[in-house]
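Source file: structure.cif (mmCIF, C-alpha atoms)
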```cif
data_structure
#
loop_
_atom_site.label_atom_id
_atom_site.label_comp_id
_atom_site.auth_asym_id
_atom_site.auth_seq_id
_atom_site.Cartn_x
_atom_site.Cartn_y
_atom_site.Cartn_z
CA MET A 1 126.82 90.45 66.13
CA GLY A 2 130.32 89.43 65.13
CA ASP A 3 133.31 91.50 64.39
CA ASN A 4 131.70 93.33 61.50
CA ILE A 5 128.24 94.54 62.35
CA MET A 6 127.68 95.89 58.86
CA ALA A 7 128.13 92.37 57.50
CA TYR A 8 125.77 90.68 59.97
CA ASN A 9 122.83 90.74 57.58
CA GLY A 10 124.66 91.56 54.35
CA GLY A 11 123.22 93.39 51.39
CA SER A 12 124.20 95.98 48.80
CA VAL A 13 122.77 99.02 47.10
CA ILE A 14 124.00 101.01 44.11
CA ALA A 15 122.65 104.11 42.38
CA MET A 16 123.69 105.66 39.07
CA ALA A 17 122.95 108.80 37.12
CA GLY A 18 122.19 109.01 33.42
CA LYS A 19 120.88 111.73 31.14
CA ASN A 20 117.93 113.19 33.08
CA CYS A 21 117.41 109.85 34.79
CA VAL A 22 118.60 107.90 37.82
CA ALA A 23 118.63 104.21 38.58
CA ILE A 24 118.95 102.50 41.96
CA ALA A 25 119.31 98.81 42.66
CA SER A 26 119.24 96.64 45.75
CA ASP A 27 119.75 92.97 46.40
CA LEU A 28 116.87 91.07 47.96
CA ARG A 29 118.53 88.81 50.51
CA TYR A 30 117.52 88.80 54.15
CA GLY A 31 120.14 86.82 55.99
CA ILE A 32 121.39 86.31 59.52
CA GLN A 33 125.10 85.65 59.18
CA ASN A 34 125.40 82.52 57.04
CA HIS A 35 121.69 81.63 57.24
CA THR A 36 119.41 83.04 54.52
CA VAL A 37 115.97 83.74 55.99
CA GLY A 38 114.22 85.60 53.18
CA PHE A 39 114.60 86.64 49.55
CA ASP A 40 112.17 89.53 49.18
CA PHE A 41 113.79 92.19 51.35
CA PRO A 42 114.75 95.20 49.26
CA LYS A 43 116.84 97.82 51.04
CA VAL A 44 115.54 100.66 48.86
CA GLN A 45 112.35 102.66 49.37
CA ARG A 46 110.82 105.30 47.19
CA VAL A 47 110.23 107.99 49.81
CA ASN A 48 108.45 110.52 47.63
CA GLU A 49 107.63 111.44 44.04
CA HIS A 50 111.25 112.16 43.13
CA THR A 51 113.51 110.42 45.65
CA PHE A 52 114.77 106.94 46.50
CA VAL A 53 116.62 106.08 49.69
CA GLY A 54 118.63 102.87 49.98
CA LEU A 55 119.81 101.73 53.42
CA PRO A 56 122.19 98.78 53.33
CA GLY A 57 123.66 97.63 56.63
CA LEU A 58 122.16 96.15 59.77
CA LEU A 59 118.61 95.35 58.68
CA THR A 60 116.94 96.25 61.96
CA ASP A 61 118.39 99.74 61.57
CA THR A 62 117.39 99.72 57.87
CA GLN A 63 113.80 99.18 58.92
CA THR A 64 113.86 101.67 61.79
CA PHE A 65 115.62 104.38 59.81
CA HIS A 66 113.16 103.97 56.93
CA GLU A 67 110.33 104.42 59.43
CA LYS A 68 112.01 107.51 60.91
CA LEU A 69 112.43 108.97 57.45
CA ASN A 70 108.84 108.30 56.48
CA TYR A 71 107.62 109.96 59.67
CA ARG A 72 109.74 113.04 59.08
CA MET A 73 108.79 113.31 55.44
CA LYS A 74 105.08 112.99 56.06
CA MET A 75 105.21 115.69 58.76
CA TYR A 76 107.23 117.92 56.45
CA SER A 77 104.81 117.60 53.58
CA LEU A 78 101.86 118.29 55.89
CA ARG A 79 103.49 121.30 57.51
CA GLU A 80 105.10 122.84 54.47
CA ASN A 81 102.55 121.75 51.88
CA ARG A 82 105.28 120.71 49.49
CA GLU A 83 107.42 117.72 48.61
CA MET A 84 110.87 117.39 50.16
CA LYS A 85 113.55 117.89 47.52
CA PRO A 86 116.14 115.10 47.13
CA GLN A 87 118.91 117.33 48.42
CA VAL A 88 116.89 118.17 51.51
CA VAL A 89 116.15 114.47 52.10
CA ALA A 90 119.88 113.81 52.02
CA HIS A 91 120.68 116.62 54.43
CA MET A 92 117.97 115.49 56.77
CA CYS A 93 119.46 111.96 56.81
CA GLU A 94 122.81 113.51 57.58
CA SER A 95 121.40 115.40 60.56
CA LEU A 96 119.43 112.41 61.85
CA LEU A 97 122.48 110.15 61.68
CA TYR A 98 124.79 112.62 63.40
CA GLU A 99 122.28 113.01 66.23
CA ARG A 100 123.28 109.44 67.08
CA ARG A 101 127.02 110.10 66.71
CA PHE A 102 128.03 107.97 69.71
CA GLY A 103 125.53 105.17 69.25
CA PRO A 104 124.89 105.21 65.53
CA TYR A 105 122.42 103.56 63.21
CA PHE A 106 124.37 100.88 61.34
CA VAL A 107 123.26 101.91 57.89
CA GLU A 108 125.08 103.56 55.00
CA PRO A 109 122.44 105.55 53.09
CA VAL A 110 122.45 105.76 49.30
CA ILE A 111 120.15 108.47 47.99
CA ALA A 112 119.05 109.00 44.40
CA GLY A 113 116.56 111.44 43.00
CA LEU A 114 115.63 113.96 40.35
CA GLU A 115 115.88 117.63 41.40
CA ASN A 116 112.98 119.57 39.94
CA GLY A 117 111.90 116.31 38.37
CA THR A 118 114.71 116.46 35.81
CA THR A 119 118.25 116.79 37.17
CA PRO A 120 119.87 113.67 38.66
CA TYR A 121 120.96 113.90 42.29
CA LEU A 122 123.12 111.22 43.92
CA CYS A 123 124.41 111.11 47.45
CA ALA A 124 125.94 108.51 49.77
CA MET A 125 126.95 108.78 53.38
CA ASP A 126 128.58 106.81 56.12
CA LEU A 127 126.80 105.69 59.27
CA ILE A 128 127.39 109.00 61.04
CA GLY A 129 126.33 111.26 58.21
CA ALA A 130 129.46 112.19 56.28
CA THR A 131 128.12 112.85 52.78
CA LEU A 132 129.55 112.32 49.36
CA LYS A 133 127.85 113.81 46.32
CA THR A 134 128.83 112.69 42.86
CA GLN A 135 127.64 112.87 39.30
CA ASP A 136 128.33 109.24 38.34
CA PHE A 137 127.42 106.55 40.88
CA VAL A 138 127.19 105.87 44.60
CA LEU A 139 127.10 102.52 46.38
CA ALA A 140 127.35 100.78 49.72
CA GLY A 141 127.12 97.28 51.20
CA THR A 142 128.98 94.00 51.53
CA SER A 143 129.63 93.77 47.76
CA SER A 144 131.06 97.29 47.60
CA GLN A 145 134.55 96.35 46.43
CA ALA A 146 133.26 94.32 43.50
CA MET A 147 130.64 96.99 42.69
CA PHE A 148 133.27 99.72 42.61
CA GLY A 149 135.39 97.84 40.11
CA LEU A 150 132.48 97.03 37.82
CA ALA A 151 130.91 100.48 38.06
CA GLU A 152 134.15 102.30 37.26
CA THR A 153 134.54 100.14 34.18
CA LEU A 154 130.99 100.07 32.88
CA TRP A 155 129.59 103.53 33.74
CA LYS A 156 129.61 106.24 31.09
CA PRO A 157 128.12 109.71 31.31
CA ASP A 158 124.78 110.63 29.69
CA LEU A 159 123.36 107.14 29.37
CA ASP A 160 119.66 107.02 28.54
CA ALA A 161 117.19 105.16 30.78
CA ASP A 162 117.44 101.82 28.96
CA HIS A 163 121.24 101.78 28.80
CA LEU A 164 121.47 102.92 32.40
CA PHE A 165 119.28 100.00 33.37
CA GLU A 166 121.57 97.58 31.51
CA VAL A 167 124.71 99.00 33.11
CA ILE A 168 123.39 99.08 36.67
CA SER A 169 121.97 95.58 36.31
CA GLN A 170 125.26 94.10 35.10
CA VAL A 171 127.19 95.80 37.90
CA MET A 172 124.74 94.66 40.54
CA LEU A 173 124.33 91.10 39.31
CA ASN A 174 128.01 90.33 38.85
CA ALA A 175 128.98 91.95 42.14
CA VAL A 176 126.42 90.22 44.35
CA ASP A 177 126.94 86.87 42.62
CA ARG A 178 130.45 86.86 44.04
CA ASP A 179 129.25 87.91 47.51
CA ALA A 180 128.03 85.23 49.88
CA LEU A 181 126.09 87.72 51.97
CA ALA A 182 124.23 89.57 49.21
CA GLY A 183 122.11 88.43 46.31
CA TRP A 184 119.14 86.09 46.00
CA GLY A 185 117.80 88.39 43.30
CA CYS A 186 117.98 92.13 42.64
CA ARG A 187 115.42 94.85 42.20
CA VAL A 188 116.18 97.80 39.93
CA TRP A 189 114.26 101.06 39.86
CA VAL A 190 114.73 103.55 37.02
CA MET A 191 113.33 107.07 37.38
CA THR A 192 112.85 109.45 34.47
CA PRO A 193 110.90 112.72 34.43
CA GLU A 194 107.92 110.78 33.02
CA LYS A 195 107.82 107.56 34.99
CA VAL A 196 109.41 105.05 37.32
CA THR A 197 109.96 101.45 36.31
CA VAL A 198 110.75 98.57 38.64
CA ARG A 199 112.30 95.36 37.43
CA ASP A 200 113.49 92.23 39.19
CA LEU A 201 116.67 90.52 38.05
CA LYS A 202 117.20 86.79 38.11
CA ALA A 203 120.36 86.02 40.02
CA ARG A 204 122.17 83.01 41.45
CA GLN A 205 119.96 81.69 44.22
CA ASP A 206 122.77 80.97 46.59
CA MET B 1 110.46 130.33 83.07
CA ALA B 2 107.63 129.62 85.47
CA ASP B 3 108.29 129.22 89.16
CA SER B 4 106.15 126.50 90.77
CA ARG B 5 104.15 129.22 92.51
CA TYR B 6 103.26 130.54 89.06
CA SER B 7 102.33 127.34 87.34
CA PHE B 8 99.01 128.86 86.41
CA SER B 9 98.48 131.06 83.39
CA LEU B 10 97.93 134.77 83.92
CA THR B 11 95.96 134.96 80.68
CA THR B 12 92.53 133.70 81.56
CA PHE B 13 89.14 133.92 79.88
CA SER B 14 86.66 136.60 80.87
CA PRO B 15 82.97 135.61 81.04
CA SER B 16 82.41 137.13 77.59
CA GLY B 17 84.97 134.76 76.12
CA LYS B 18 87.78 137.27 75.64
CA LEU B 19 91.36 136.94 76.77
CA VAL B 20 91.72 140.36 78.30
CA GLN B 21 95.52 140.24 78.50
CA ILE B 22 95.65 139.85 74.74
CA GLU B 23 93.27 142.77 74.25
CA TYR B 24 95.55 144.88 76.43
CA ALA B 25 98.58 143.68 74.49
CA LEU B 26 96.87 144.84 71.31
CA ASN B 27 96.35 148.21 72.97
CA ALA B 28 100.08 148.39 73.59
CA VAL B 29 100.61 147.69 69.89
CA ALA B 30 98.11 150.35 68.92
CA GLN B 31 100.13 152.92 70.83
CA GLY B 32 103.32 152.04 69.00
CA ALA B 33 104.83 153.83 66.00
CA THR B 34 103.16 153.08 62.69
CA SER B 35 104.67 150.36 60.55
CA LEU B 36 103.43 148.90 57.29
CA GLY B 37 104.12 146.41 54.53
CA ILE B 38 103.17 146.11 50.88
CA LYS B 39 103.51 143.08 48.64
CA ALA B 40 104.16 143.63 44.94
CA LEU B 41 104.44 141.21 42.03
CA ASP B 42 108.22 141.25 42.17
CA GLY B 43 108.96 142.02 45.80
CA VAL B 44 107.84 143.12 49.26
CA VAL B 45 108.55 146.36 51.13
CA ILE B 46 108.22 147.08 54.84
CA ALA B 47 108.63 150.45 56.48
CA THR B 48 108.21 152.16 59.84
CA GLU B 49 108.28 155.56 61.49
CA LYS B 50 111.26 156.14 63.70
CA LYS B 51 110.40 159.28 65.63
CA LEU B 52 113.07 159.67 68.29
CA PRO B 53 113.87 162.44 70.75
CA PRO B 54 116.13 165.04 69.10
CA LEU B 55 119.24 164.11 71.10
CA MET B 56 118.97 160.35 70.58
CA ASP B 57 121.48 158.75 68.23
CA GLU B 58 119.16 157.43 65.50
CA THR B 59 121.88 155.25 63.98
CA SER B 60 121.86 153.11 67.12
CA VAL B 61 118.19 152.24 66.78
CA GLN B 62 117.24 149.57 64.27
CA LYS B 63 113.55 148.76 64.15
CA ILE B 64 113.57 146.70 60.97
CA ALA B 65 115.77 143.63 61.28
CA PRO B 66 116.78 140.67 59.13
CA VAL B 67 115.87 137.19 60.37
CA THR B 68 117.63 135.34 57.53
CA ASP B 69 119.17 136.65 54.37
CA ARG B 70 115.80 136.52 52.67
CA ILE B 71 113.36 137.23 55.51
CA GLY B 72 113.04 140.35 57.65
CA MET B 73 110.58 141.87 60.08
CA VAL B 74 109.39 145.09 61.63
CA TYR B 75 107.07 145.74 64.56
CA SER B 76 104.72 148.11 66.29
CA GLY B 77 104.67 148.09 70.08
CA MET B 78 107.31 147.41 72.69
CA GLY B 79 110.88 147.41 71.39
CA PRO B 80 112.33 145.09 74.05
CA ASP B 81 109.66 142.45 73.35
CA PHE B 82 110.55 142.70 69.65
CA ARG B 83 114.20 142.04 70.41
CA VAL B 84 113.35 138.84 72.29
CA LEU B 85 111.13 137.59 69.46
CA LEU B 86 113.73 138.53 66.87
CA ARG B 87 116.36 136.47 68.65
CA LYS B 88 114.01 133.49 68.93
CA ALA B 89 112.98 133.81 65.28
CA ARG B 90 116.61 133.91 64.12
CA LYS B 91 117.38 130.85 66.20
CA LYS B 92 114.42 128.91 64.78
CA ALA B 93 115.43 129.84 61.24
CA GLU B 94 119.02 128.79 61.82
CA GLN B 95 118.03 125.52 63.49
CA TYR B 96 115.87 124.73 60.48
CA HIS B 97 118.77 125.47 58.18
CA ARG B 98 121.13 123.38 60.26
CA PHE B 99 118.85 120.36 60.03
CA PHE B 100 117.72 120.63 56.39
CA LYS B 101 120.50 122.75 54.81
CA ASP B 102 117.58 124.50 53.14
CA PRO B 103 116.42 128.07 53.85
CA ILE B 104 113.34 128.23 56.02
CA PRO B 105 110.16 129.12 54.08
CA VAL B 106 108.47 132.35 55.22
CA THR B 107 105.27 130.51 56.14
CA ILE B 108 107.10 128.08 58.39
CA LEU B 109 109.05 130.83 60.14
CA VAL B 110 105.84 132.78 60.70
CA GLN B 111 104.16 129.69 62.14
CA GLU B 112 107.07 129.09 64.52
CA VAL B 113 107.08 132.69 65.76
CA ALA B 114 103.31 132.68 66.09
CA ASN B 115 103.57 129.47 68.09
CA ILE B 116 106.02 131.10 70.50
CA MET B 117 103.72 134.09 70.93
CA GLN B 118 100.76 131.78 71.58
CA GLU B 119 102.76 129.86 74.23
CA TYR B 120 103.12 133.08 76.21
CA THR B 121 99.32 133.31 76.38
CA GLN B 122 98.98 129.88 77.88
CA SER B 123 102.03 129.41 80.08
CA GLY B 124 102.55 130.01 83.78
CA GLY B 125 103.81 133.31 85.08
CA VAL B 126 104.34 135.11 81.77
CA ARG B 127 102.54 137.85 79.86
CA PRO B 128 101.84 138.06 76.15
CA PHE B 129 104.31 139.94 73.92
CA GLY B 130 103.40 143.59 73.43
CA VAL B 131 104.19 143.65 69.71
CA SER B 132 102.59 142.85 66.41
CA LEU B 133 105.08 141.82 63.76
CA MET B 134 105.12 142.46 60.04
CA VAL B 135 107.22 139.70 58.44
CA CYS B 136 108.28 139.84 54.83
CA GLY B 137 110.39 137.55 52.70
CA TRP B 138 110.88 135.62 49.51
CA ASP B 139 110.67 131.81 49.31
CA ASP B 140 109.66 129.18 46.73
CA LYS B 141 106.15 130.61 46.68
CA GLY B 142 107.40 134.08 45.81
CA PRO B 143 107.11 137.33 47.79
CA GLN B 144 105.21 137.03 51.08
CA LEU B 145 103.93 139.41 53.75
CA TYR B 146 102.56 138.30 57.12
CA GLN B 147 101.29 139.96 60.28
CA VAL B 148 101.65 138.16 63.62
CA ASP B 149 99.65 139.33 66.64
CA PRO B 150 100.28 138.96 70.41
CA SER B 151 97.66 136.20 70.47
CA GLY B 152 99.71 134.13 68.03
CA ALA B 153 97.24 134.66 65.20
CA TYR B 154 98.88 135.33 61.85
CA PHE B 155 97.53 136.76 58.64
CA ALA B 156 98.89 136.94 55.12
CA TRP B 157 98.47 140.39 53.64
CA LYS B 158 98.78 142.05 50.29
CA ALA B 159 99.23 145.31 52.16
CA SER B 160 98.66 146.31 55.76
CA ALA B 161 99.70 148.56 58.61
CA LEU B 162 100.18 148.35 62.39
CA GLY B 163 100.38 150.80 65.25
CA LYS B 164 99.13 154.29 65.94
CA GLY B 165 98.20 155.27 62.39
CA MET B 166 97.00 151.88 61.23
CA ILE B 167 93.36 152.68 60.56
CA GLN B 168 94.24 155.69 58.43
CA ALA B 169 97.08 153.84 56.73
CA LYS B 170 94.97 150.80 55.91
CA SER B 171 92.20 152.85 54.31
CA PHE B 172 94.84 154.77 52.33
CA LEU B 173 96.36 151.48 51.21
CA GLU B 174 92.97 150.05 50.25
CA LYS B 175 92.51 152.90 47.82
CA ARG B 176 96.05 152.89 46.48
CA TYR B 177 96.89 149.22 46.30
CA ASN B 178 96.54 147.25 43.11
CA GLU B 179 97.51 143.66 42.36
CA GLU B 180 99.68 144.57 39.37
CA MET B 181 102.03 146.76 41.44
CA LYS B 182 105.74 146.43 40.88
CA ILE B 183 108.21 146.83 43.75
CA GLU B 184 109.24 150.38 42.87
CA ASP B 185 105.56 151.45 42.90
CA ALA B 186 105.14 149.64 46.21
CA ILE B 187 108.06 151.50 47.81
CA HIS B 188 106.63 154.75 46.52
CA CYS B 189 103.21 153.85 47.92
CA ALA B 190 104.70 152.84 51.27
CA LEU B 191 106.36 156.24 51.66
CA LEU B 192 103.17 158.06 50.67
CA THR B 193 101.23 156.03 53.24
CA LEU B 194 103.74 156.88 55.97
CA LYS B 195 103.60 160.52 54.95
CA GLU B 196 99.79 160.58 55.38
CA GLY B 197 99.89 159.88 59.07
CA PHE B 198 103.24 161.49 59.84
CA ASP B 199 103.43 164.48 62.15
CA GLY B 200 106.06 166.63 60.46
CA GLN B 201 108.39 166.10 57.52
CA LEU B 202 109.58 162.65 56.43
CA SER B 203 113.35 162.37 56.24
CA SER B 204 115.89 159.61 55.90
CA SER B 205 116.62 159.75 59.63
CA ASN B 206 113.07 159.41 60.94
CA ILE B 207 111.88 156.39 58.91
CA GLU B 208 113.26 152.95 58.12
CA VAL B 209 112.54 151.03 54.90
CA ALA B 210 113.52 147.53 53.79
CA VAL B 211 112.89 145.56 50.64
CA VAL B 212 113.07 142.03 49.25
CA ARG B 213 113.30 142.07 45.48
CA GLU B 214 113.61 139.28 42.91
CA ASP B 215 117.19 138.74 44.04
CA LYS B 216 115.62 137.24 47.20
CA VAL B 217 117.88 139.27 49.48
CA PHE B 218 116.37 141.16 52.38
CA THR B 219 117.96 144.61 52.22
CA LEU B 220 117.62 147.61 54.49
CA LEU B 221 117.64 150.82 52.47
CA SER B 222 120.45 153.17 53.43
CA PRO B 223 119.63 156.76 54.43
CA ALA B 224 120.98 157.92 51.06
CA GLN B 225 118.65 155.54 49.19
CA ILE B 226 115.67 156.61 51.31
CA LYS B 227 116.48 160.23 50.54
CA GLU B 228 116.40 159.46 46.81
CA TYR B 229 112.94 157.92 47.09
CA LEU B 230 111.71 160.81 49.25
CA ASP B 231 113.01 163.31 46.71
CA GLU B 232 111.02 161.48 44.00
CA LEU B 233 107.88 162.00 46.06
CA GLU B 234 108.18 165.75 45.68
#
```

Is it possible to give me this structure as C-alpha cells?
Amino acid sequence: MGDNIMAYNGGSVIAMAGKNCVAIASDLRYGIQNHTVGFDFPKVQRVNEHTFVGLPGLLTDTQTFHEKLNYRMKMYSLRENREMKPQVVAHMCESLLYERRFGPYFVEPVIAGLENGTTPYLCAMDLIGATLKTQDFVLAGTSSQAMFGLAETLWKPDLDADHLFEVISQVMLNAVDRDALAGWGCRVWVMTPEKVTVRDLKARQD
Amino acid sequence: MADSRYSFSLTTFSPSGKLVQIEYALNAVAQGATSLGIKALDGVVIATEKKLPPLMDETSVQKIAPVTDRIGMVYSGMGPDFRVLLRKARKKAEQYHRFFKDPIPVTILVQEVANIMQEYTQSGGVRPFGVSLMVCGWDDKGPQLYQVDPSGAYFAWKASALGKGMIQAKSFLEKRYNEEMKIEDAIHCALLTLKEGFDGQLSSSNIEVAVVREDKVFTLLSPAQIKEYLDELE
C-alpha cells in the first residue's frame, strides 16, 4: 500500500458555501498507484434530499463507508420517519469513524448540505472523526495543497449558485490538473433550495 | 441475567391466548397511585398523587423524573421497577445523543423503553415490570404524550390516566378535554382531575406536577408553584 495509504488511489473532493446554496466537487479518477484503471469514479454521493457526502482516500474504504452510511440512513428514516439533517449526518460519521479508532477507515469525509433546505452546512473530518465546521469551504484529498491555495484566493462570501459553480470548478480543475493522482474529469453538484444540478468538467486526461 | 437453568421464559401463553404474567403486572399497576397526563396545543403536563405516610420525608421521594432535558416520565405501580426503567431510559437517550449529537425524539425513546419492557416478557428467568409509564416531551413534532405498559405496548394520548383512579380520571378527562386547550388550562384540568379521585385535601406536598412548555424544557413544578395553581382552583 506504500508509505502513504491515503495516496494509494488518489482523488480529491472540495465543497463550498454560497448564498443559500452549496456546491461539492469530486474528481473522477480511479487509480491504483501510477496506473489509472477508471475515469468514472466519483467520490461524492448524495445521501438524502439535502446532504452530500464526499469520501476521498482509500477507495475500498470510500465504497464501504458509503455503504455503511446508506444503511444507517435508511434505517434512521424508517425508524424515525424523517430525513437525517446534514449536521446529524456529520455527527454520525464522526461516531462511526471513531468506533474504528485503532484500525480506521482511510477516508477523510467532506460533508455539504442545506439545513432546513436553506442554510448551507459544511463539515470536514479526518480519518478518525475530528470535525471541522466552516462557513467558506472544506476539502480533502491528494490535491489538497493546491486546492487550499486556489480556494483561499477565489472564494468570496455570498456567491450565488452560478458564481459558486464557476469558482468551485476553477479551483477543482486547476488543482487536480497539477496532481498526478487526481483528475481525469470532475463532477460538480450544486444544491439550492429549489434544485440540484450536476455537471461534468472537461479536464486534462492524464 | 438468566442462569442456564432459567433459559426458559416465565411468561407463557395460557390456553385462552393471554399472557397471564402481563395481566398480573397490569393489576399491580392498577393498585398504584393515580397518575395522569394531558397534552395541550403548546405543552404537555403530567401529574401524580404522592400519598405518603405522615412521618415519611416527602422531599426524598421523586415520582416524576426527567429522562432528558426535554422528556420526562411518571408512573403508576412499583417504584423500584420505575427506577430501573428510568435508568435504562436515560442511558438510551444519552447513547443516542452521543452517537448523533441530536436530542432523542420522544417517539424513539418510547419505542426503546417499550422494547426493553417487551424483552422482559420473553426472556429467561425474569418477570415483567410492574409499572405503566406516562412519558411526555417536546420534539420536532411538537408536544407528545405516551403511555407504555408492562407488555411493551405503547399508546399516544391526548389525555389519559393510570393507576387506582384511572377509570374515574379518564371519564372526567373525556368530558373536560378539548383539542384547543392551552398549557395553563391543561395544568388546571390535571389538578381538577387529581382532586376528583383524591381522598382528602390536595396540597403541594402530596402531589407532583411537571410540565413541558414551548421552551421545550421539562420542568418539575416546585411546591410553591403547585400551591399557586391549587389556590387558583379555589

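Counting from atom CA of A:Leu28, the distance to atom CA of A:Trp184 is 5.8 Å.
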
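Near chain B, the residues of chain A that fall inside 6 Å (using all atoms listed in the file) are Val88, His91, Met92 and Ser95 of chain A.
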
Measuring between all atoms listed in the file, which one of B:Arg213, B:Lys170, B:Arg87, B:Lys51 shows the shortest distance to B:Phe198?
B:Lys51

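We find atom CA of A:Asn4 and atom CA of A:Gln145 to be spaced 15.6 Å apart.
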
Residues selected by the PyMOL selection byres ((chain A and resi 45) around 10), written as an mmCIF file with C-alpha atoms, keeping the file's coordinate frame:
```cif
data_model
loop_
_atom_site.group_PDB
_atom_site.id
_atom_site.type_symbol
_atom_site.label_atom_id
_atom_site.label_comp_id
_atom_site.auth_asym_id
_atom_site.auth_seq_id
_atom_site.Cartn_x
_atom_site.Cartn_y
_atom_site.Cartn_z
ATOM 1 C CA ILE A 24 118.950 102.500 41.960
ATOM 2 C CA SER A 26 119.240 96.640 45.750
ATOM 3 C CA PRO A 42 114.750 95.200 49.260
ATOM 4 C CA LYS A 43 116.840 97.820 51.040
ATOM 5 C CA VAL A 44 115.540 100.660 48.860
ATOM 6 C CA ARG A 46 110.820 105.300 47.190
ATOM 7 C CA VAL A 47 110.230 107.990 49.810
ATOM 8 C CA ASN A 48 108.450 110.520 47.630
ATOM 9 C CA THR A 51 113.510 110.420 45.650
ATOM 10 C CA PHE A 52 114.770 106.940 46.500
ATOM 11 C CA VAL A 53 116.620 106.080 49.690
ATOM 12 C CA GLY A 54 118.630 102.870 49.980
ATOM 13 C CA LEU A 55 119.810 101.730 53.420
ATOM 14 C CA HIS A 66 113.160 103.970 56.930
ATOM 15 C CA ASN A 70 108.840 108.300 56.480
ATOM 16 C CA ILE A 111 120.150 108.470 47.990
ATOM 17 C CA TRP A 189 114.260 101.060 39.860
#
```

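Within the file as shown, the PyMOL selection byres ((chain B and resi 31) around 10) identifies Leu26, Asn27, Ala28, Val29, Ala30, Gly32, Ala33, Thr34, Ser76, Gly77, Met78, Leu162, Gly163, Lys164 and Gly165 of chain B.
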
Check the smallest atom-to-atom distance from each of B:Ala89, B:Val20, B:Val113, B:Leu230 to B:Gln201 using only C-alpha atoms, then report the winner.
B:Leu230

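The shortest atom-to-atom distance to A:Val188, with only C-alpha atoms taken into account, belongs to A:Phe165 out of A:Phe165, A:Tyr121, A:Phe39, A:Phe102.
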
Can you spell out as a ChimeraX atom specification the set of residues that the PyMOL selection byres ((chain B and resi 123-135) around 6) selects in the structure I just provided?
/B:2,6-9,25,28-29,72-78,81,119-122,136,145-150

Give me the residues near A:His35 as an NGL selection string, where near means some atom within 12 Å (using all atoms listed in the file) and where sequence neighbours in that chain fewer than 4 positions away do not count.
:A and (8-10 or 29-31 or 39 or 180-182 or 206)

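Between atom CA of B:Ala40 and atom CA of B:Lys182 there is a distance of 5.2 Å.
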
If we count all atoms listed in the file and set the cut-off at 7 Å, which residues sit around B:Ser151, ignoring sequence neighbours fewer than 4 positions away in its own chain? Please answer as a PyMOL selection string.
chain B and resi 22+117-118+121

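Nearest to B:Ser204 of all the residues B:Ala161, B:Ala156, B:Ala47, B:Ala169 is B:Ala47, based on all atoms listed in the file.
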